[in-house]
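Structure below is structure_35.cif: mmCIF, C-alpha atoms.
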data_coords
loop_
_atom_site.label_atom_id
_atom_site.label_comp_id
_atom_site.auth_asym_id
_atom_site.auth_seq_id
_atom_site.Cartn_x
_atom_site.Cartn_y
_atom_site.Cartn_z
CA MET A 1 82.80 77.96 116.15
CA SER A 2 83.19 81.63 117.00
CA ALA A 3 86.34 83.63 117.35
CA THR A 4 87.23 85.81 120.30
CA VAL A 5 87.74 89.33 118.92
CA GLU A 6 89.86 91.79 120.84
CA LYS A 7 90.52 95.43 119.98
CA ARG A 8 93.89 96.80 121.03
CA LEU A 9 95.62 100.13 120.66
CA ASP A 10 99.31 100.93 120.30
CA GLU A 11 99.70 104.60 121.15
CA ALA A 12 102.46 106.66 119.55
CA GLY A 13 105.77 105.41 120.90
CA GLU A 14 104.48 101.88 121.53
CA THR A 15 105.46 98.97 119.34
CA ASP A 16 103.80 96.02 121.10
CA SER A 17 102.26 94.74 117.87
CA VAL A 18 104.63 96.12 115.24
CA GLU A 19 105.98 92.68 114.32
CA ALA A 20 102.50 91.19 113.86
CA ALA A 21 101.50 94.24 111.79
CA TRP A 22 104.63 93.90 109.66
CA GLN A 23 103.90 90.21 109.01
CA LEU A 24 100.29 90.95 107.97
CA LYS A 25 101.42 93.82 105.74
CA GLU A 26 104.04 91.62 104.09
CA ARG A 27 101.54 88.82 103.48
CA ILE A 28 99.26 91.28 101.69
CA HIS A 29 102.21 92.75 99.80
CA ARG A 30 103.32 89.33 98.53
CA THR A 31 99.88 88.28 97.37
CA GLU A 32 98.40 91.59 96.16
CA GLY A 33 101.40 93.78 95.32
CA VAL A 34 100.28 96.67 97.55
CA LEU A 35 101.68 97.99 100.86
CA LYS A 36 105.22 98.12 99.48
CA GLN A 37 106.87 99.98 102.36
CA ARG A 38 110.34 99.02 103.49
CA ARG A 39 110.75 97.67 107.01
CA GLY A 40 112.62 100.68 108.42
CA PHE A 41 110.05 103.13 107.07
CA PHE A 42 107.16 100.96 108.27
CA THR A 43 108.56 100.53 111.79
CA ASP A 44 109.38 104.23 112.16
CA ALA A 45 105.96 105.33 110.88
CA TYR A 46 104.21 102.77 113.12
CA ARG A 47 106.15 104.03 116.15
CA ARG A 48 105.16 107.65 115.45
CA SER A 49 101.46 106.91 114.92
CA THR A 50 98.56 105.48 116.88
CA THR A 51 97.66 102.02 115.65
CA HIS A 52 94.22 100.45 116.07
CA LEU A 53 94.34 96.65 115.94
CA PHE A 54 91.85 93.79 115.84
CA PHE A 55 92.84 90.30 116.91
CA GLU A 56 90.87 87.09 116.47
CA ASP A 57 92.00 84.44 118.93
CA ASP A 58 95.28 86.35 119.43
CA GLN A 59 96.02 86.53 115.68
CA LEU A 60 96.16 90.01 114.12
CA VAL A 61 93.46 90.30 111.46
CA ALA A 62 93.35 94.07 110.87
CA PHE A 63 95.14 97.26 111.76
CA GLY A 64 95.15 100.93 110.92
CA SER A 65 97.93 103.37 111.78
CA VAL A 66 97.02 107.05 111.91
CA ARG A 67 99.00 110.23 112.50
CA ARG A 68 97.88 112.94 114.91
CA ASP A 69 96.37 114.92 112.01
CA GLY A 70 94.05 112.06 110.98
CA TYR A 71 96.15 110.88 108.04
CA ILE A 72 95.98 107.09 107.69
CA LEU A 73 99.44 105.70 107.06
CA PHE A 74 98.51 102.03 106.87
CA LEU A 75 95.24 100.14 106.71
CA ALA A 76 95.35 96.37 106.33
CA VAL A 77 92.83 93.57 106.73
CA HIS A 78 93.82 89.92 106.44
CA PRO A 79 92.31 88.52 103.20
CA ALA A 80 90.42 85.81 105.12
CA ALA A 81 88.83 88.47 107.38
CA ARG A 82 87.65 90.83 104.65
CA GLY A 83 83.95 91.53 104.40
CA GLN A 84 83.50 91.16 108.16
CA GLY A 85 83.52 94.90 108.91
CA TYR A 86 87.04 95.28 110.28
CA GLY A 87 88.08 97.97 107.81
CA GLN A 88 84.92 99.95 108.42
CA ARG A 89 85.37 99.65 112.19
CA LEU A 90 88.95 100.89 111.91
CA ILE A 91 87.86 103.91 109.86
CA ALA A 92 85.01 104.60 112.32
CA ASP A 93 87.43 104.52 115.26
CA ILE A 94 89.76 106.91 113.46
CA ALA A 95 86.86 109.22 112.48
CA GLU A 96 85.73 109.34 116.12
CA GLN A 97 89.08 110.79 117.14
CA HIS A 98 89.90 113.09 114.20
CA ARG A 99 88.06 116.00 112.62
CA THR A 100 89.64 115.24 109.26
CA VAL A 101 90.58 111.80 107.95
CA SER A 102 92.69 111.35 104.83
CA CYS A 103 94.93 108.84 103.09
CA HIS A 104 96.58 107.93 99.80
CA ALA A 105 95.66 104.97 97.62
CA ARG A 106 97.23 103.70 94.43
CA THR A 107 95.23 104.69 91.37
CA THR A 108 95.40 101.03 90.31
CA ASN A 109 94.11 99.61 93.62
CA THR A 110 90.46 99.36 92.63
CA GLU A 111 89.55 97.27 95.69
CA ALA A 112 90.87 99.91 98.11
CA LEU A 113 89.35 102.75 96.11
CA GLY A 114 85.95 101.04 96.13
CA PHE A 115 86.20 100.47 99.88
CA TYR A 116 87.08 104.09 100.61
CA GLU A 117 84.43 105.42 98.23
CA HIS A 118 81.79 103.22 99.89
CA LEU A 119 82.63 104.80 103.25
CA GLY A 120 82.40 108.35 101.91
CA PHE A 121 85.96 109.25 100.97
CA ARG A 122 86.31 111.58 98.01
CA ILE A 123 89.27 111.97 95.68
CA ASP A 124 90.87 115.32 96.45
CA ARG A 125 93.62 115.09 93.85
CA ARG A 126 95.80 112.75 91.81
CA ILE A 127 99.55 112.68 92.44
CA ASP A 128 101.70 111.26 89.66
CA ASN A 129 104.84 109.30 90.63
CA TYR A 130 103.88 109.39 94.32
CA TYR A 131 105.33 106.00 95.26
CA GLU A 132 108.98 104.90 95.15
CA ASP A 133 108.21 102.67 92.18
CA ASN A 134 106.74 105.73 90.36
CA GLY A 135 103.18 104.53 90.94
CA ASP A 136 100.45 107.16 90.95
CA ALA A 137 98.19 107.87 93.91
CA TYR A 138 94.95 109.54 94.77
CA TYR A 139 94.80 111.68 97.89
CA LEU A 140 91.47 110.88 99.55
CA LYS A 141 89.53 112.75 102.23
CA LEU A 142 86.60 111.51 104.26
CA GLY A 143 83.58 113.71 103.56
CA GLU A 144 81.67 115.37 106.38
CA ASP A 145 78.46 113.82 105.01
CA SER A 146 79.96 110.32 104.74
CA THR A 147 78.20 107.15 105.84
CA ILE A 148 80.82 106.50 108.48
CA ARG A 149 80.57 110.05 109.92
CA ARG A 150 76.77 109.70 110.14
CA LYS A 151 77.11 106.36 111.95
CA VAL A 152 79.61 107.84 114.42
CA SER A 153 77.33 110.84 114.96
CA GLU A 154 74.26 108.62 115.47
CA PHE A 155 76.18 106.49 117.96
CA PHE A 156 77.21 109.49 120.07
CA ASN A 157 73.79 111.22 119.89
CA ARG A 158 71.82 108.27 121.31
#
Write out the structure in this file as structure tokens.
Amino acid sequence: MSATVEKRLDEAGETDSVEAAWQLKERIHRTEGVLKQRRGFFTDAYRRSTTHLFFEDDQLVAFGSVRRDGYILFLAVHPAARGQGYGQRLIADIAEQHRTVSCHARTTNTEALGFYEHLGFRIDRRIDNYYEDNGDAYYLKLGEDSTIRRKVSEFFNR
């Protein structure tokens, strides 16, 4: 049985999928302890950003919200959909549209750090007490020589 995958985009100012994104974020927060944003902050940031979304059979399985400057505010993939390339596809879409791509990740979130490192992000700096709960973060930047940048470049130079 195969799923029907659909890519959607909520441009800045649109909130068509904000509720589905909130529900996915909250599921991940409850089970993994990450993505701790409050609802008001999340909704406001979502509204101000462009959000790339993937749906399987009309169920949201992954999304990434990015500001105009290429800073990734949120990146989430449903646990059951991990390892299927959704996160990489979201980063590739963002890298296609932005000269620089950056984000923060908790210093303790080894899964996220491994994912970003695999795609070619580099730690730019550590920020102590970055999060509301005093958690520390790394500020990450996608390298120009990254795997994902090469794939995007190869795609467009065919």
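Here CA of Asp124 (chain A) and CA of Asp44 (chain A) stand 26.7 Å from one another.
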Test item: residues at most 7 Å from Glu11 (chain A), only C-alpha atoms, excluding those fewer than 4 positions along its chain, as a compact mmCIF listing (two decimals) with C-alpha atoms, in the coordinates of the input:
# COMPACT_ATOMS: atom_id res chain seq x y z
CA SER A 49 101.46 106.91 114.92
CA THR A 50 98.56 105.48 116.88
CA THR A 51 97.66 102.02 115.65
Specify as a CSV table (one decimal) with C-alpha atoms, in the coordinates of the input each residue included when the PyMOL selection byres ((chain A and resi 59-68) around 9) is applied to this file.
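File produced: result28.csv:
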chain,number,residue,atom,x,y,z
A,10,ASP,CA,99.3,100.9,120.3
A,12,ALA,CA,102.5,106.7,119.6
A,17,SER,CA,102.3,94.7,117.9
A,20,ALA,CA,102.5,91.2,113.9
A,21,ALA,CA,101.5,94.2,111.8
A,24,LEU,CA,100.3,91.0,108.0
A,45,ALA,CA,106.0,105.3,110.9
A,46,TYR,CA,104.2,102.8,113.1
A,48,ARG,CA,105.2,107.6,115.4
A,49,SER,CA,101.5,106.9,114.9
A,50,THR,CA,98.6,105.5,116.9
A,51,THR,CA,97.7,102.0,115.6
A,52,HIS,CA,94.2,100.4,116.1
A,53,LEU,CA,94.3,96.6,115.9
A,54,PHE,CA,91.8,93.8,115.8
A,55,PHE,CA,92.8,90.3,116.9
A,56,GLU,CA,90.9,87.1,116.5
A,57,ASP,CA,92.0,84.4,118.9
A,58,ASP,CA,95.3,86.4,119.4
A,69,ASP,CA,96.4,114.9,112.0
A,70,GLY,CA,94.0,112.1,111.0
A,71,TYR,CA,96.2,110.9,108.0
A,72,ILE,CA,96.0,107.1,107.7
A,73,LEU,CA,99.4,105.7,107.1
A,74,PHE,CA,98.5,102.0,106.9
A,75,LEU,CA,95.2,100.1,106.7
A,76,ALA,CA,95.4,96.4,106.3
A,77,VAL,CA,92.8,93.6,106.7
A,78,HIS,CA,93.8,89.9,106.4
A,79,PRO,CA,92.3,88.5,103.2
A,80,ALA,CA,90.4,85.8,105.1
A,81,ALA,CA,88.8,88.5,107.4
A,82,ARG,CA,87.6,90.8,104.6
A,86,TYR,CA,87.0,95.3,110.3
A,87,GLY,CA,88.1,98.0,107.8
A,90,LEU,CA,89.0,100.9,111.9
A,91,ILE,CA,87.9,103.9,109.9
A,94,ILE,CA,89.8,106.9,113.5
A,98,HIS,CA,89.9,113.1,114.2
A,101,VAL,CA,90.6,111.8,108.0
Between A:His29, A:Glu111, A:Arg125, A:Thr43, which has the minimum distance to Gly13 (chain A) (counting all atoms listed in the file)?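 Answer, going by the shortest atom-to-atom distance: A:Thr43.
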Please measure the separation of CA of His104 (chain A) and CA of Tyr138 (chain A), giving the value in Å to one decimal.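 Answer for the CA of His104 (chain A) to CA of Tyr138 (chain A) separation: 5.5 Å.
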Just how far from CA of Lys141 (chain A) is CA of Ile123 (chain A), in Å to one decimal?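 CA of Ile123 (chain A) sits 6.6 Å away from CA of Lys141 (chain A).
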Quick one: residues within 9 Å of Ile127 (chain A), all atoms listed in the file counted, chain neighbours fewer than 5 positions away excluded, as a ChimeraX atom specification? /A:136-139
A:Ala95, A:Ala3, A:Cys103, A:Leu140: which is nearest Glu117 (chain A), counting all atoms listed in the file? A:Leu140
Looking at A:Gly83, A:Glu14, A:Trp22, A:Gln88, which one is nearest to Phe41 (chain A), with distances taken over all atoms listed in the file?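 The answer is A:Trp22, which sits nearest to Phe41 (chain A).
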Select, from A:Val18, A:Leu35, A:Ala92, A:Val5, the residue with the minimum atom-to-atom distance to Ala112 (chain A), counting all atoms listed in the file.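 When distances to Ala112 (chain A) are compared using all atoms listed in the file, the smallest one comes from A:Leu35.
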I'd like the neighbourhood of Asn109 (chain A) as a CSV table (one decimal) with C-alpha atoms, in the frame of the given file, where a residue qualifies if any of its atoms comes within 10 Å (using only C-alpha atoms), though same-chain residues fewer than 2 positions away should be ignored.
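Once written, around_22.csv looks like this:
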chain,number,residue,atom,x,y,z
A,32,GLU,CA,98.4,91.6,96.2
A,33,GLY,CA,101.4,93.8,95.3
A,34,VAL,CA,100.3,96.7,97.6
A,105,ALA,CA,95.7,105.0,97.6
A,106,ARG,CA,97.2,103.7,94.4
A,107,THR,CA,95.2,104.7,91.4
A,111,GLU,CA,89.6,97.3,95.7
A,112,ALA,CA,90.9,99.9,98.1
A,113,LEU,CA,89.4,102.8,96.1
A,114,GLY,CA,86.0,101.0,96.1
A,137,ALA,CA,98.2,107.9,93.9
